[in-house]
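**Q** Dumping the structure here so I can ask a few things about it.
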Amino acid sequence: MYLATTDAPTGAPTDAVAGRGGSAARRGRVAGPVLALGAVSLVTDISSEMVTAVLPLYFVLQLGLSPLQFGFLDGLYNAVTALVRLAGGRAADRGGRHKLVAGSGYALSALSRIGLLLAGGATAGIGAALAADRIGKGVRTAPRDALISLSSPPEHLGRAFGVHRAMDTTGALLGPLAAFALLWATADAYDAVFVVSFCCGLLGVLLLIAFVPGRDALP
């Protein structure tokens, strides 16, 4: 899932990072962009896992699909995610547009929640919305990991990815809890879950725009 190497300079830039903010790199602090990306992933995972947790119930109980049909669709969309990651990584590397490509992926996933609302009970519409969500997830993964690598000196990559992964997993834990709490509070109103999920996804995009620098702005 994560990059093992980085093309970030290991000489003077690393020393410059250590010299700023009271030798932050020497003290082993995680860089600000890494924390910002962790916050983006946390909020986005809450959004994503809210939908993922209720989809089996929504498809089988509300739309009448069989468990086998749902399993086939879910497997197909996960395969799409894996394939799109290659395209997302290549697009980000060409011209160093890591933030732009990652932001596009986050935005596409957030907008897919609106697609779920507009689709109503139409299976084709819901399928298109889920495909958009998976494509967005695939597109953003590689450039996001590249930004983490470029934001940290090589000797601190393990800590940087560990912190990001911890925040990402926290979002994955909170998402299903929030979704089922909403279903309980609204008497199984799936639309409410989709709306709150969209709001969380949009917040993630705004955090990315406001607090994550592009590659050119990184130390």
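If you're wondering about the labels, chains in the structure tokens are A, B, ... by order shown, residues count from 1 in each chain, ligands from 1 in order shown.
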Using only C-alpha atoms, determine which residues lie at most 9 Å from Ser104 in chain A, disregarding the query and same-chain residues fewer than 5 positions distant; provide the list as JSON, numbers by chain.
**A** {"A": [99, 109, 136, 139, 140, 205]}
**Q** Next, the residues of the selection above should be written as a short mmCIF file (atom, residue, chain, number, x, y, z; two decimals), in the first residue's frame with C-alpha atoms.
**A**
data_model
loop_
_atom_site.label_atom_id
_atom_site.label_comp_id
_atom_site.auth_asym_id
_atom_site.auth_seq_id
_atom_site.Cartn_x
_atom_site.Cartn_y
_atom_site.Cartn_z
CA LYS A 99 -1.70 17.21 -4.69
CA SER A 109 -15.22 9.93 -3.85
CA GLY A 136 -11.48 8.08 -6.63
CA VAL A 139 -6.54 7.61 -8.00
CA ARG A 140 -5.64 9.25 -4.69
CA VAL A 205 -11.19 17.75 0.40
#
**Q** Go through range 115-198 of chain A residue by residue and, counting only C-alpha atoms, keep those with an atom at most 9 Å from range 78-98 of chain A; for each kept residue give the shortest atom pair and its distance in Å to one decimal, ordered by chain and increasing number, as a tab-separated table.
**A**
residue	atom	partner	partner_atom	distance
A:Ala131	CA	A:Val80	CA	7.8
A:Asp133	CA	A:Thr81	CA	8.9
A:Arg134	CA	A:Thr81	CA	5.2
A:Ile135	CA	A:Thr81	CA	5.6
A:Gly136	CA	A:Thr81	CA	8.0
A:Lys137	CA	A:Thr81	CA	6.5
A:Gly138	CA	A:Arg85	CA	4.4
A:Val139	CA	A:Gly88	CA	4.2
A:Arg140	CA	A:Gly88	CA	6.5
A:Thr141	CA	A:Arg85	CA	6.6
A:Ala142	CA	A:Gly89	CA	4.9
A:Pro143	CA	A:His98	CA	4.7
A:Arg144	CA	A:His98	CA	6.9
A:Ala146	CA	A:His98	CA	7.2
A:Leu147	CA	A:His98	CA	6.7
**Q** For the atom pair CA of Val51 in chain A and CA of Gly120 in chain A, what is the interatomic distance in Å to one decimal place?
**A**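 Rounded to one decimal, the two atoms are 14.7 Å apart.
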**Q** Measuring between only C-alpha atoms, which one of A:Ala124, A:Leu35, A:Leu42, A:Leu108 shows the shortest distance to Leu73 in chain A?
**A**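 Ranked by minimum distance to Leu73 in chain A, first place goes to A:Ala124.
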**Q** Expressed in Å to a single decimal, how great is the separation between CA of Gly64 in chain A and CA of Gly121 in chain A?
**A** 10.0 Å
**Q** Between A:Glu49, A:Ala36, A:Leu202, A:Gly105, single out the one closest to Ala179 in chain A, counting only C-alpha atoms.
**A** A:Glu49
**Q** Could you jot down the CA of Leu203 in chain A to CA of Gly38 in chain A separation for me, Å, one decimal place?
**A**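 Going from CA of Leu203 in chain A over to CA of Gly38 in chain A covers 13.1 Å.
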**Q** Quick one: residues within 10 Å of Thr123 in chain A, only C-alpha atoms counted, chain neighbours fewer than 6 positions away excluded, as a list of chain:residue names?
**A**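 Here the answer would be A:Phe59, A:Leu63, A:Leu65, A:Leu116, A:Ala129.
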**Q** With N, CA and C atoms kept, could you save the residues just selected as a compact mmCIF listing (two decimals), in the first residue's frame?
**A**
# COMPACT_ATOMS: atom_id res chain seq x y z
N PHE A 59 -28.36 -2.84 -0.18
CA PHE A 59 -28.54 -3.60 -1.41
C PHE A 59 -29.48 -4.79 -1.22
N LEU A 63 -33.01 -2.90 -1.77
CA LEU A 63 -33.10 -3.04 -3.23
C LEU A 63 -33.42 -4.46 -3.68
N LEU A 65 -31.40 -7.16 -3.86
CA LEU A 65 -30.36 -7.96 -4.49
C LEU A 65 -30.03 -9.17 -3.62
N LEU A 116 -25.26 8.51 -4.96
CA LEU A 116 -26.09 7.52 -4.27
C LEU A 116 -27.45 8.10 -3.92
N ALA A 129 -22.33 5.26 -9.10
CA ALA A 129 -21.83 6.01 -7.95
C ALA A 129 -20.74 5.23 -7.22
**Q** Any chance you could list, as a PyMOL selection string, the residues in range 5-219 of chain A that come up helix (DSSP H, G or I) when DSSP is run on the backbone?
**A** chain A and resi 12-19+32-62+67-93+98-119+123-151+154-185+190-211+215-217
**Q** I'd like to know which of A:Pro56, A:Gly127, A:Pro176, A:Gly171 is closest to Ala39 in chain A, using only C-alpha atoms.
**A**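 Going through A:Pro56, A:Gly127, A:Pro176, A:Gly171 one by one, the smallest distance to Ala39 in chain A is for A:Gly171.
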**Q** Neighbouring residues of Ala189 in chain A were defined as those with any atom within 12 Å, considering only C-alpha atoms; residues of the same chain fewer than 5 positions away were excluded. Please report them as number ranges by chain.
**A** A: 54, 57-58, 62, 117, 179-184, 194-196
**Q** Out of A:Val30, A:Leu173, A:Ala107, A:Leu100, which residue has the shortest atom-to-atom distance to Leu206 in chain A when counting only C-alpha atoms?
**A**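 Going through A:Val30, A:Leu173, A:Ala107, A:Leu100 one by one, the smallest distance to Leu206 in chain A is for A:Ala107.
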**Q** Under the rule that only C-alpha atoms are counted, which of A:Leu177, A:Cys199, A:Ala187, A:Ser152 is the nearest residue to Ser112 in chain A?
**A**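 Going through A:Leu177, A:Cys199, A:Ala187, A:Ser152 one by one, the smallest distance to Ser112 in chain A is for A:Cys199.
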